[in-house]
$ cat target16.cif   # mmCIF, C-alpha atoms and all ligand atoms
data_entry
loop_
_atom_site.label_atom_id
_atom_site.label_comp_id
_atom_site.auth_asym_id
_atom_site.auth_seq_id
_atom_site.Cartn_x
_atom_site.Cartn_y
_atom_site.Cartn_z
CA MET A 63 -13.58 86.67 -62.01
CA GLU A 64 -12.43 83.79 -59.78
CA ASN A 65 -9.08 83.87 -57.97
CA PHE A 66 -6.28 82.20 -59.90
CA ASP A 67 -2.54 81.45 -60.10
CA PHE A 68 -1.01 81.71 -63.54
CA TYR A 69 2.18 79.68 -63.82
CA ALA A 70 3.76 79.01 -67.22
CA PRO A 71 7.42 78.15 -66.66
CA THR A 72 8.27 76.72 -70.09
CA LYS A 73 10.77 78.73 -72.14
CA MET A 74 9.43 79.05 -75.69
CA LEU A 75 11.83 79.32 -78.65
CA PHE A 76 9.77 80.35 -81.65
CA GLY A 77 10.74 80.67 -85.30
CA ARG A 78 12.87 79.29 -88.11
CA GLY A 79 15.89 77.29 -86.97
CA LYS A 80 14.98 77.48 -83.30
CA ALA A 81 15.62 73.80 -82.60
CA ALA A 82 19.31 74.70 -82.46
CA GLY A 83 18.62 77.01 -79.52
CA LEU A 84 17.04 74.17 -77.60
CA MET A 85 20.42 72.45 -77.32
CA LYS A 86 21.68 75.30 -75.16
CA GLU A 87 18.68 74.88 -72.86
CA MET A 88 19.36 71.14 -72.53
CA LYS A 89 23.08 71.32 -71.78
CA PRO A 90 22.87 72.18 -68.05
CA PHE A 91 20.97 68.93 -67.41
CA GLY A 92 23.62 66.48 -68.66
CA THR A 93 24.54 64.63 -71.83
CA LYS A 94 22.27 61.57 -71.91
CA VAL A 95 19.04 62.05 -73.79
CA LEU A 96 16.05 59.83 -74.45
CA MET A 97 14.69 61.01 -77.81
CA VAL A 98 11.01 60.13 -78.20
CA TYR A 99 9.30 60.24 -81.59
CA GLY A 100 6.41 58.82 -83.58
CA GLY A 101 5.73 56.58 -86.50
CA GLY A 102 8.20 57.92 -89.01
CA SER A 103 7.04 61.32 -90.28
CA ILE A 104 10.22 62.95 -88.97
CA LYS A 105 12.31 60.51 -90.99
CA LYS A 106 10.42 61.36 -94.19
CA ASN A 107 10.57 65.14 -93.80
CA GLY A 108 14.21 65.44 -92.68
CA ILE A 109 13.54 66.64 -89.13
CA TYR A 110 15.06 63.45 -87.69
CA GLU A 111 18.37 63.98 -89.49
CA ALA A 112 18.46 67.65 -88.52
CA VAL A 113 17.78 66.96 -84.84
CA LYS A 114 20.25 64.08 -84.69
CA ALA A 115 22.92 66.33 -86.21
CA LEU A 116 22.25 69.04 -83.62
CA LEU A 117 22.40 66.53 -80.77
CA SER A 118 25.65 65.10 -82.06
CA GLU A 119 27.28 68.51 -82.62
CA ASN A 120 26.40 69.40 -79.04
CA GLY A 121 27.87 66.23 -77.56
CA PHE A 122 24.68 64.49 -76.46
CA GLU A 123 24.47 60.70 -76.19
CA VAL A 124 21.10 59.62 -77.57
CA ARG A 125 18.89 56.62 -76.90
CA GLU A 126 15.87 56.56 -79.22
CA LEU A 127 12.31 55.52 -78.55
CA SER A 128 10.32 55.46 -81.78
CA GLY A 129 6.80 54.37 -82.62
CA VAL A 130 4.72 56.61 -80.38
CA THR A 131 1.20 56.43 -81.83
CA PRO A 132 -1.53 59.06 -81.90
CA ASN A 133 -3.57 58.51 -78.72
CA PRO A 134 -0.31 57.28 -77.13
CA ARG A 135 -0.55 54.06 -75.16
CA ILE A 136 0.62 53.21 -71.67
CA GLU A 137 2.58 50.30 -73.11
CA LYS A 138 4.79 52.74 -75.01
CA VAL A 139 5.31 54.71 -71.80
CA ARG A 140 6.44 51.52 -70.03
CA GLU A 141 8.88 50.81 -72.89
CA GLY A 142 10.18 54.37 -72.60
CA VAL A 143 10.69 54.14 -68.84
CA GLN A 144 12.74 50.99 -69.34
CA ALA A 145 14.80 52.61 -72.09
CA ALA A 146 15.41 55.71 -69.97
CA ARG A 147 16.56 53.65 -67.00
CA GLU A 148 18.78 51.35 -69.07
CA SER A 149 20.47 54.25 -70.80
CA GLY A 150 20.76 56.44 -67.69
CA ALA A 151 18.85 59.21 -69.49
CA GLN A 152 19.13 62.58 -67.78
CA MET A 153 16.39 64.22 -69.83
CA VAL A 154 13.67 63.46 -72.37
CA LEU A 155 13.47 65.12 -75.78
CA ALA A 156 10.14 64.64 -77.56
CA VAL A 157 10.17 65.34 -81.31
CA GLY A 158 6.68 65.33 -82.74
CA GLY A 159 3.14 66.37 -81.93
CA GLY A 160 1.10 66.22 -78.76
CA SER A 161 1.25 62.45 -78.66
CA CYS A 162 5.05 62.39 -78.50
CA ALA A 163 5.16 65.25 -76.01
CA ASP A 164 2.58 63.55 -73.78
CA CYS A 165 4.29 60.18 -73.96
CA GLY A 166 7.64 61.83 -73.21
CA LYS A 167 6.23 63.65 -70.19
CA VAL A 168 4.89 60.50 -68.56
CA ILE A 169 8.11 58.62 -69.36
CA ALA A 170 9.99 61.45 -67.62
CA ALA A 171 7.85 61.09 -64.50
CA GLY A 172 7.62 57.30 -64.70
CA THR A 173 11.40 56.94 -64.78
CA LEU A 174 11.61 58.46 -61.30
CA TYR A 175 8.54 56.66 -59.98
CA ASP A 176 8.77 53.36 -58.17
CA GLY A 177 5.79 51.53 -59.64
CA ASP A 178 3.79 51.09 -62.83
CA PRO A 179 3.37 54.35 -64.81
CA TRP A 180 -0.38 53.81 -65.17
CA GLU A 181 -0.59 54.49 -61.41
CA ILE A 182 0.71 58.03 -61.91
CA VAL A 183 -1.63 58.62 -64.82
CA LYS A 184 -4.58 57.70 -62.62
CA GLN A 185 -3.19 59.38 -59.50
CA PRO A 186 -0.97 62.29 -60.54
CA GLU A 187 -0.48 63.34 -56.91
CA ARG A 188 1.97 60.41 -56.77
CA ILE A 189 4.31 62.28 -59.13
CA LYS A 190 7.05 63.75 -56.95
CA ALA A 191 9.73 64.28 -59.61
CA ALA A 192 10.37 63.93 -63.33
CA LEU A 193 13.32 64.07 -65.67
CA PRO A 194 13.52 67.42 -67.49
CA VAL A 195 11.38 67.39 -70.64
CA PHE A 196 12.13 69.26 -73.87
CA VAL A 197 9.92 69.40 -76.97
CA ILE A 198 10.64 70.00 -80.65
CA LEU A 199 7.13 70.47 -81.97
CA THR A 200 6.09 69.21 -85.42
CA MET A 201 2.29 69.49 -85.14
CA SER A 202 0.36 72.38 -83.63
CA ALA A 203 -2.80 71.50 -81.76
CA THR A 204 -2.64 70.38 -78.16
CA GLY A 205 -0.60 73.01 -76.33
CA SER A 206 1.32 70.17 -74.66
CA GLU A 207 4.53 72.04 -75.49
CA MET A 208 3.78 74.60 -72.76
CA ASN A 209 1.43 72.89 -70.34
CA PRO A 210 1.58 70.41 -67.45
CA THR A 211 -0.76 67.87 -69.07
CA ALA A 212 -0.42 64.53 -70.80
CA VAL A 213 -3.15 62.26 -72.15
CA ILE A 214 -2.48 58.52 -72.19
CA THR A 215 -4.65 55.64 -73.39
CA ASN A 216 -4.92 52.24 -71.77
CA PRO A 217 -6.52 49.90 -74.30
CA GLU A 218 -6.92 47.13 -71.70
CA THR A 219 -9.20 49.22 -69.51
CA ARG A 220 -10.59 51.25 -72.43
CA GLU A 221 -9.55 54.49 -70.74
CA LYS A 222 -8.07 57.64 -72.22
CA GLN A 223 -6.92 59.63 -69.24
CA GLY A 224 -5.56 63.15 -68.80
CA VAL A 225 -2.86 63.63 -66.17
CA HIS A 226 -1.87 67.04 -64.82
CA SER A 227 1.20 67.74 -62.66
CA SER A 228 3.48 70.73 -62.34
CA PHE A 229 6.41 68.29 -62.80
CA LEU A 230 5.27 67.74 -66.39
CA TYR A 231 5.88 71.25 -67.72
CA PRO A 232 8.50 71.08 -70.45
CA ARG A 233 11.61 73.08 -69.47
CA ALA A 234 11.78 74.50 -73.00
CA SER A 235 10.13 73.90 -76.36
CA SER A 236 11.10 74.88 -79.86
CA LEU A 237 8.38 75.89 -82.29
CA ASP A 238 9.59 76.15 -85.87
CA PRO A 239 6.58 76.78 -88.13
CA THR A 240 8.43 75.33 -91.13
CA TYR A 241 8.33 71.93 -89.35
CA LEU A 242 4.55 71.94 -89.96
CA TYR A 243 4.82 72.17 -93.75
CA THR A 244 4.61 68.41 -94.26
CA LEU A 245 1.52 67.83 -92.13
CA PRO A 246 -1.21 65.95 -94.02
CA ALA A 247 -4.30 68.11 -94.57
CA ILE A 248 -6.40 66.02 -92.20
CA GLN A 249 -3.88 66.60 -89.39
CA THR A 250 -3.76 70.33 -90.07
CA ALA A 251 -7.56 70.45 -89.99
CA SER A 252 -7.83 68.27 -86.86
CA GLY A 253 -5.28 70.52 -85.20
CA VAL A 254 -7.36 73.60 -85.98
CA ALA A 255 -10.47 71.91 -84.57
CA ASP A 256 -8.56 70.98 -81.42
CA ILE A 257 -7.28 74.53 -80.91
CA MET A 258 -10.80 75.89 -81.36
CA SER A 259 -12.22 73.33 -78.96
CA HIS A 260 -9.70 74.27 -76.26
CA VAL A 261 -10.91 77.83 -76.62
CA PHE A 262 -14.62 76.89 -76.66
CA GLU A 263 -14.16 74.86 -73.49
CA GLU A 264 -13.02 78.04 -71.72
CA TYR A 265 -15.21 80.57 -73.54
CA PHE A 266 -18.38 78.69 -72.67
CA LYS A 267 -18.06 78.76 -68.92
CA ARG A 268 -20.26 80.20 -66.19
CA THR A 269 -17.92 82.96 -65.04
CA GLU A 270 -19.34 86.00 -66.77
CA ASP A 271 -16.91 88.80 -66.03
CA ALA A 272 -13.65 87.25 -67.25
CA TYR A 273 -13.79 89.79 -70.07
CA VAL A 274 -10.10 89.85 -70.87
CA GLN A 275 -9.98 86.05 -71.19
CA ASP A 276 -13.06 86.11 -73.44
CA LYS A 277 -11.33 88.61 -75.72
CA PHE A 278 -8.22 86.37 -75.84
CA CYS A 279 -10.56 83.51 -76.76
CA GLU A 280 -12.29 85.43 -79.53
CA GLY A 281 -8.91 86.48 -80.95
CA LEU A 282 -7.65 82.90 -80.99
CA LEU A 283 -10.83 81.66 -82.68
CA LYS A 284 -10.57 84.37 -85.32
CA THR A 285 -6.95 83.37 -85.87
CA CYS A 286 -8.00 79.78 -86.59
CA ILE A 287 -10.80 80.91 -88.91
CA LYS A 288 -8.47 83.22 -90.83
CA TRP A 289 -5.35 81.05 -91.08
CA GLY A 290 -6.70 77.49 -91.00
CA PRO A 291 -7.96 77.59 -94.60
CA VAL A 292 -4.73 79.26 -95.74
CA ALA A 293 -2.61 76.48 -94.21
CA LEU A 294 -4.84 73.92 -95.90
CA THR A 295 -4.53 75.44 -99.37
CA GLU A 296 -0.93 76.61 -98.98
CA PRO A 297 0.77 74.17 -96.60
CA GLU A 298 4.04 76.13 -96.84
CA ASP A 299 2.57 79.53 -96.00
CA TYR A 300 4.81 80.62 -93.14
CA SER A 301 2.39 83.20 -91.74
CA ALA A 302 -0.44 80.69 -91.59
CA ARG A 303 1.68 78.03 -89.88
CA ALA A 304 3.22 80.54 -87.47
CA ASN A 305 -0.09 82.04 -86.40
CA LEU A 306 -1.73 78.64 -85.95
CA MET A 307 1.26 77.32 -84.04
CA TRP A 308 1.28 80.16 -81.56
CA ALA A 309 -2.52 80.11 -81.27
CA ALA A 310 -2.37 76.42 -80.33
CA THR A 311 0.13 77.14 -77.59
CA MET A 312 -1.83 80.10 -76.24
CA ALA A 313 -5.13 78.20 -76.33
CA LEU A 314 -3.95 75.68 -73.77
CA ASN A 315 -1.17 77.17 -71.69
CA GLY A 316 -3.54 78.26 -68.94
CA LEU A 317 -4.06 81.81 -70.22
CA CYS A 318 -7.66 81.41 -71.38
CA ALA A 319 -8.57 79.40 -68.30
CA CYS A 320 -7.54 82.04 -65.76
CA GLY A 321 -10.32 83.06 -63.41
CA LYS A 322 -12.91 80.75 -64.96
CA ALA A 323 -14.76 78.03 -63.07
CA GLY A 324 -16.09 74.72 -64.35
CA LYS A 325 -15.10 71.66 -66.34
CA TRP A 326 -14.78 70.87 -70.05
CA SER A 327 -17.58 69.04 -71.88
CA CYS A 328 -16.54 68.08 -75.41
CA HIS A 329 -13.13 66.73 -74.41
CA ALA A 330 -14.71 64.32 -71.91
CA MET A 331 -16.90 62.97 -74.71
CA ALA A 332 -14.08 62.97 -77.29
CA HIS A 333 -11.71 61.03 -75.03
CA GLN A 334 -14.18 58.14 -74.96
CA LEU A 335 -14.14 58.05 -78.76
CA GLY A 336 -10.35 57.91 -78.56
CA ALA A 337 -10.42 55.11 -75.99
CA TYR A 338 -13.06 53.03 -77.76
CA TYR A 339 -12.29 53.68 -81.43
CA ASP A 340 -8.84 55.33 -81.54
CA VAL A 341 -10.41 58.35 -83.29
CA THR A 342 -8.08 61.26 -84.12
CA HIS A 343 -8.57 63.70 -81.26
CA GLY A 344 -9.35 66.86 -83.27
CA THR A 345 -11.65 64.96 -85.61
CA ALA A 346 -13.73 63.72 -82.69
CA LEU A 347 -14.02 67.29 -81.45
CA ALA A 348 -15.07 68.61 -84.87
CA ILE A 349 -17.93 66.12 -84.90
CA LEU A 350 -19.01 66.64 -81.30
CA THR A 351 -18.74 70.41 -80.95
CA PRO A 352 -21.61 71.61 -83.19
CA ALA A 353 -23.85 68.84 -81.79
CA TRP A 354 -23.01 69.83 -78.22
CA MET A 355 -23.60 73.51 -79.01
CA ARG A 356 -27.05 72.79 -80.47
CA TYR A 357 -27.92 70.56 -77.51
CA ILE A 358 -27.12 73.16 -74.87
CA LEU A 359 -28.56 76.19 -76.69
CA SER A 360 -31.37 77.58 -74.51
CA GLU A 361 -32.74 80.86 -73.11
CA ASP A 362 -30.02 80.53 -70.50
CA THR A 363 -27.06 80.15 -72.87
CA ALA A 364 -28.26 82.05 -75.95
CA GLY A 365 -26.63 85.33 -74.90
CA LYS A 366 -23.17 83.79 -74.92
CA PHE A 367 -23.80 82.17 -78.31
CA VAL A 368 -24.87 85.58 -79.64
CA ASP A 369 -21.59 87.08 -78.41
CA TYR A 370 -19.80 84.26 -80.21
CA ALA A 371 -21.75 84.76 -83.46
CA VAL A 372 -21.21 88.52 -83.47
CA ASN A 373 -17.67 88.86 -82.10
CA VAL A 374 -16.10 85.84 -83.79
CA TRP A 375 -18.10 85.40 -87.00
CA GLY A 376 -19.00 89.04 -87.50
CA PHE A 377 -22.76 88.56 -87.93
CA PRO A 378 -24.72 91.80 -87.39
CA ARG A 379 -26.55 91.97 -84.07
CA ASP A 380 -29.86 93.09 -85.64
CA GLN A 381 -31.54 89.66 -85.60
CA ASP A 382 -33.42 87.76 -82.96
CA THR A 383 -31.37 86.00 -80.33
CA PHE A 384 -31.95 82.38 -81.33
CA THR A 385 -31.47 83.03 -85.03
CA LEU A 386 -28.16 84.70 -84.35
CA ALA A 387 -27.05 82.02 -81.88
CA SER A 388 -27.84 79.31 -84.44
CA MET A 389 -26.01 81.19 -87.18
CA GLY A 390 -22.84 81.05 -85.08
CA ILE A 391 -23.25 77.30 -84.52
CA ASP A 392 -24.01 76.63 -88.19
CA ALA A 393 -20.97 78.67 -89.20
CA THR A 394 -18.81 76.56 -86.89
CA GLU A 395 -20.04 73.34 -88.46
CA GLN A 396 -19.65 74.68 -91.99
CA PHE A 397 -16.11 75.78 -91.17
CA PHE A 398 -15.18 72.25 -90.11
CA ILE A 399 -16.79 70.84 -93.27
CA ASP A 400 -14.86 73.34 -95.40
CA CYS A 401 -11.67 72.21 -93.65
CA GLY A 402 -12.40 68.68 -94.86
CA LEU A 403 -13.30 67.25 -91.46
CA PRO A 404 -16.01 64.64 -91.00
CA THR A 405 -19.21 65.75 -89.31
CA HIS A 406 -20.73 62.37 -88.42
CA LEU A 407 -19.49 59.33 -86.53
CA SER A 408 -20.89 57.07 -89.24
CA GLU A 409 -18.28 58.54 -91.60
CA LEU A 410 -15.71 56.89 -89.30
CA GLY A 411 -17.63 53.62 -89.27
CA ILE A 412 -18.91 54.18 -85.74
CA GLY A 413 -22.43 53.04 -84.87
CA ASP A 414 -24.52 53.10 -81.73
CA ARG A 415 -23.06 50.02 -80.00
CA ASP A 416 -21.02 51.75 -77.28
CA LEU A 417 -22.88 55.01 -76.77
CA GLU A 418 -24.19 54.17 -73.28
CA ALA A 419 -20.86 52.81 -72.07
CA MET A 420 -19.00 55.85 -73.40
CA ALA A 421 -21.53 58.23 -71.83
CA GLU A 422 -21.29 56.45 -68.48
CA ALA A 423 -17.52 56.94 -68.55
CA ALA A 424 -17.62 60.54 -69.82
CA VAL A 425 -19.88 61.95 -67.10
CA PRO A 426 -17.74 61.08 -64.05
CA TYR A 427 -14.52 61.74 -66.01
CA ALA A 428 -15.19 65.48 -65.98
CA HIS A 429 -18.05 65.78 -63.50
CA LEU A 430 -20.28 66.72 -66.40
CA ASP A 431 -23.40 66.33 -64.24
CA THR A 432 -22.35 69.08 -61.84
CA MET A 433 -19.50 71.15 -63.27
CA ALA A 434 -20.06 71.42 -67.02
CA TYR A 435 -21.15 74.72 -68.57
CA VAL A 436 -24.56 73.12 -68.95
CA PRO A 437 -24.71 70.07 -66.66
CA LEU A 438 -25.09 66.83 -68.62
CA GLN A 439 -26.44 63.53 -67.30
CA VAL A 440 -25.60 60.20 -68.92
CA GLN A 441 -28.74 60.35 -71.05
CA ASP A 442 -27.80 63.82 -72.30
CA VAL A 443 -24.41 62.55 -73.41
CA VAL A 444 -26.02 59.58 -75.14
CA ASN A 445 -28.34 62.03 -76.92
CA ILE A 446 -25.38 64.14 -78.07
CA TYR A 447 -23.48 61.08 -79.31
CA ARG A 448 -26.62 59.86 -81.05
CA SER A 449 -27.12 63.18 -82.82
CA CYS A 450 -23.59 62.75 -84.22
CA LEU A 451 -24.25 59.35 -85.78
O1 LIG B 501 3.69 59.52 -85.73
P1 LIG B 501 4.21 60.35 -86.84
O2 LIG B 501 4.74 59.54 -87.97
O3 LIG B 501 5.16 61.39 -86.37
O4 LIG B 501 2.94 61.09 -87.51
C1 LIG B 501 2.12 62.02 -86.81
C2 LIG B 501 0.78 61.45 -86.41
O5 LIG B 501 0.41 60.42 -87.28
C3 LIG B 501 1.75 63.12 -87.77
N1 LIG B 501 2.69 64.24 -87.78
C4 LIG B 501 3.09 65.01 -86.76
N2 LIG B 501 3.90 65.98 -87.20
C5 LIG B 501 4.01 65.82 -88.53
C6 LIG B 501 3.25 64.71 -88.91
N3 LIG B 501 3.16 64.29 -90.20
C7 LIG B 501 3.84 64.98 -91.13
N4 LIG B 501 4.56 66.09 -90.83
C8 LIG B 501 4.68 66.55 -89.56
N5 LIG B 501 5.37 67.67 -89.28
O6 LIG B 501 0.51 63.62 -87.28
C9 LIG B 501 -0.19 62.57 -86.64
C10 LIG B 501 -0.80 63.12 -85.36
O7 LIG B 501 0.18 63.44 -84.42
P2 LIG B 501 -0.23 63.60 -82.89
O8 LIG B 501 0.97 63.92 -82.12
O9 LIG B 501 -1.03 62.42 -82.46
O10 LIG B 501 -1.22 64.85 -82.95
P3 LIG B 501 -1.63 65.91 -81.88
O11 LIG B 501 -0.58 66.93 -81.70
O12 LIG B 501 -2.97 66.37 -82.27
O13 LIG B 501 -1.75 65.09 -80.50
C11 LIG B 501 -2.91 64.38 -80.18
C12 LIG B 501 -2.80 63.76 -78.79
O14 LIG B 501 -2.69 64.78 -77.77
C13 LIG B 501 -3.75 64.63 -76.82
C14 LIG B 501 -4.84 64.01 -77.65
O15 LIG B 501 -5.86 63.44 -76.88
C15 LIG B 501 -4.08 62.99 -78.47
O16 LIG B 501 -3.79 61.85 -77.71
N6 LIG B 501 -4.05 65.91 -76.18
C16 LIG B 501 -3.13 66.41 -75.34
C17 LIG B 501 -3.36 67.55 -74.62
C18 LIG B 501 -2.34 68.11 -73.71
N7 LIG B 501 -1.21 67.46 -73.53
O17 LIG B 501 -2.57 69.17 -73.12
C19 LIG B 501 -4.65 68.26 -74.65
C20 LIG B 501 -5.46 67.92 -75.87
O18 LIG B 501 -6.80 68.27 -75.64
C21 LIG B 501 -5.38 66.48 -76.26
O19 LIG B 501 -6.25 65.68 -75.48
ZN ZN B 502 -7.86 68.82 -77.24
#

$ encode --input "target16.cif" --output "structure tokens" --more "lines below"
Ligand code: NZQ
Ligand code: ZN
Amino acid sequence: MENFDFYAPTKMLFGRGKAAGLMKEMKPFGTKVLMVYGGGSIKKNGIYEAVKALLSENGFEVRELSGVTPNPRIEKVREGVQAARESGAQMVLAVGGGSCADCGKVIAAGTLYDGDPWEIVKQPERIKAALPVFVILTMSATGSEMNPTAVITNPETREKQGVHSSFLYPRASSLDPTYLYTLPAIQTASGVADIMSHVFEEYFKRTEDAYVQDKFCEGLLKTCIKWGPVALTEPEDYSARANLMWAATMALNGLCACGKAGKWSCHAMAHQLGAYYDVTHGTALAILTPAWMRYILSEDTAGKFVDYAVNVWGFPRDQDTFTLASMGIDATEQFFIDCGLPTHLSELGIGDRDLEAMAEAAVPYAHLDTMAYVPLQVQDVVNIYRSCL
């Protein structure tokens, strides 16, 4: 196992009615809040009214920034920075999914940065401070509620860029599983695919003796496989929502990554699909993951795929290595299909026009040619994209 620091400073308030507890966490930071939310789901499902009532009861003055889109754009961050400055916001409260949390985080840093916020997305070492960030989560997938990451898209440069800074950790987040009840099935399914991908990106790494992390990973994957279909057939099943919500947080709060070396593969490829075609993040991952797994399966990697097939899917070990490895990959693909996710880019209307350009951007983005689990050159990435068509 490699050396590591594990730092996870966000206070997590989990369970029914926990948004109320977040108010107590916010109070020490002042009274002026920039409330960041998306395209209107919280107005339809009543979360907006509930949160506004809590803020009012607790004496907060609120400036709102609505209209954060999935794959949040830098333009919305700029608008948020202006709103925060005009209103003298002392903190940012994001109410929504990963997109709102990510947008809120960069607004929080951008407000205290003297320059254009895209500069801090590209060069996070320039972040020296941020307003305190709080999150009321309404979609479980990204882990943004407990991590120091944000992902912002710049349509002008066709970039979708991750930014990491310890200043971006939310101070506290509330996770009420009942807030997930109104998620459309495709968002629930995309969320499950995203959680699983975060785990795969850590599970399939070169460090071989991070046994405890691998067991965390297998447990999280089994959680998705057990509860994902339940949440899809019974959207108001509390146990399903609760287990998926906590699995999403645990999949990307640094826990699974401890002591493991290397870079992520599928996310680098998926981010290009987001930048070029505005594809839903988890959907892109559901399409890419089985293709990537098949592409990298070899004598060298088969052992790990066998562990995956046996420990996660429960296939008996009494078969030859490649058969077993392929059974695990096929089961993954079938699971995504059963969740109602697309398996081909053509289903999203995407053809082969931009494959080279996307591959050329994906490789340096995550040093795929040197630091991926199986190093990938530009042509390899093109081949993977092409096999997804
Ligand atoms: O905008 P509204 O109207 O709120 O609708 C949203 C949005 O359309 C809807 N939604 C959310 N909660 C709902 C709901 N609809 C009904 N009921 C609810 N309770 O769901 C749609 C998707 O929301 P979004 O926030 O975009 O989803 P997600 O949480 O998957 O976030 C995706 C973004 O996070 C980035 C992705 O790349 C993408 O931009 N990621 C962030 C990461 C991080 N910060 O660590 C890591 C991830 O790998 C990922 O890259
Ligand atoms: Zn992801």

$ closest_residue --input "target16.cif" --among "A:Ile257, A:Leu283, A:Ile358, A:Val274" --to "ligand ZN 502 (chain B)" --atoms "only C-alpha atoms and all ligand atoms"
A:Ile257

$ residues_near_ligand --input "target16.cif" --ligand "ligand ZN 502 (chain B)" --cutoff "9 Å" --atoms "all atoms listed in the file" --output "list in words"
Ala203, Thr204, Gly205, Gly253, Ala255, Asp256, Ile257, Met258, Ser259, His260, Leu314, Cys328, His329, Ala332, His333, His343, Gly344 and Leu347 of chain A

$ residues_near_ligand --input "target16.cif" --ligand "ligand LIG 501 (chain B)" --cutoff "6 Å" --atoms "all atoms listed in the file" --output "VMD selection string"
chain A and resid 100 to 104 131 to 134 158 to 162 164 200 to 206 211 to 213 241 to 242 244 to 246 249 253 343

$ residues_around --input "target16.cif" --residues "A:Ile248" --least-positions-apart "3" --cutoff "9 Å" --atoms "all atoms listed in the file" --output "list in words"
Leu245, Ala251, Ser252, Gly253, Leu294, Thr345, Cys401, Gly402 and Leu403 of chain A

$ atom_distance --input "target16.cif" --atom1 "atom CA of A:Val98" --atom2 "atom CA of A:Ala302"
27.1 Å

$ residues_around --input "target16.cif" --residues "A:Ala151" --least-positions-apart "6" --cutoff "6 Å" --atoms "all atoms listed in the file" --output "list in words"
Lys94, Val95 and Leu96 of chain A

$ residues_around --input "target16.cif" --residues "stretch 173-178 of chain A" --least-positions-apart "4" --cutoff "6 Å" --atoms "only C-alpha atoms" --output "ChimeraX atom specification"
/A:143,169,192

$ write_last_selection --input "target16.cif" --atoms "C-alpha atoms" --output "JSON list (two decimals), in the coordinates of the input"
[["chain", "number", "residue", "atom", "x", "y", "z"],
["A", 143, "VAL", "CA", 10.69, 54.14, -68.84],
["A", 169, "ILE", "CA", 8.11, 58.62, -69.36],
["A", 192, "ALA", "CA", 10.37, 63.93, -63.33]]

$ atom_distance --input "target16.cif" --atom1 "atom CA of A:Glu296" --atom2 "atom CA of A:Phe397"
17.1 Å

$ residues_around --input "target16.cif" --residues "A:Gly336" --least-positions-apart "5" --cutoff "9 Å" --atoms "all atoms listed in the file" --output "mmCIF file with C-alpha atoms, in the frame of the given file"
data_model
loop_
_atom_site.group_PDB
_atom_site.id
_atom_site.type_symbol
_atom_site.label_atom_id
_atom_site.label_comp_id
_atom_site.auth_asym_id
_atom_site.auth_seq_id
_atom_site.Cartn_x
_atom_site.Cartn_y
_atom_site.Cartn_z
ATOM 1 C CA ASN A 133 -3.570 58.510 -78.720
ATOM 2 C CA THR A 215 -4.650 55.640 -73.390
ATOM 3 C CA GLU A 221 -9.550 54.490 -70.740
ATOM 4 C CA LYS A 222 -8.070 57.640 -72.220
ATOM 5 C CA VAL A 341 -10.410 58.350 -83.290
ATOM 6 C CA THR A 342 -8.080 61.260 -84.120
ATOM 7 C CA HIS A 343 -8.570 63.700 -81.260
ATOM 8 C CA ALA A 346 -13.730 63.720 -82.690
#
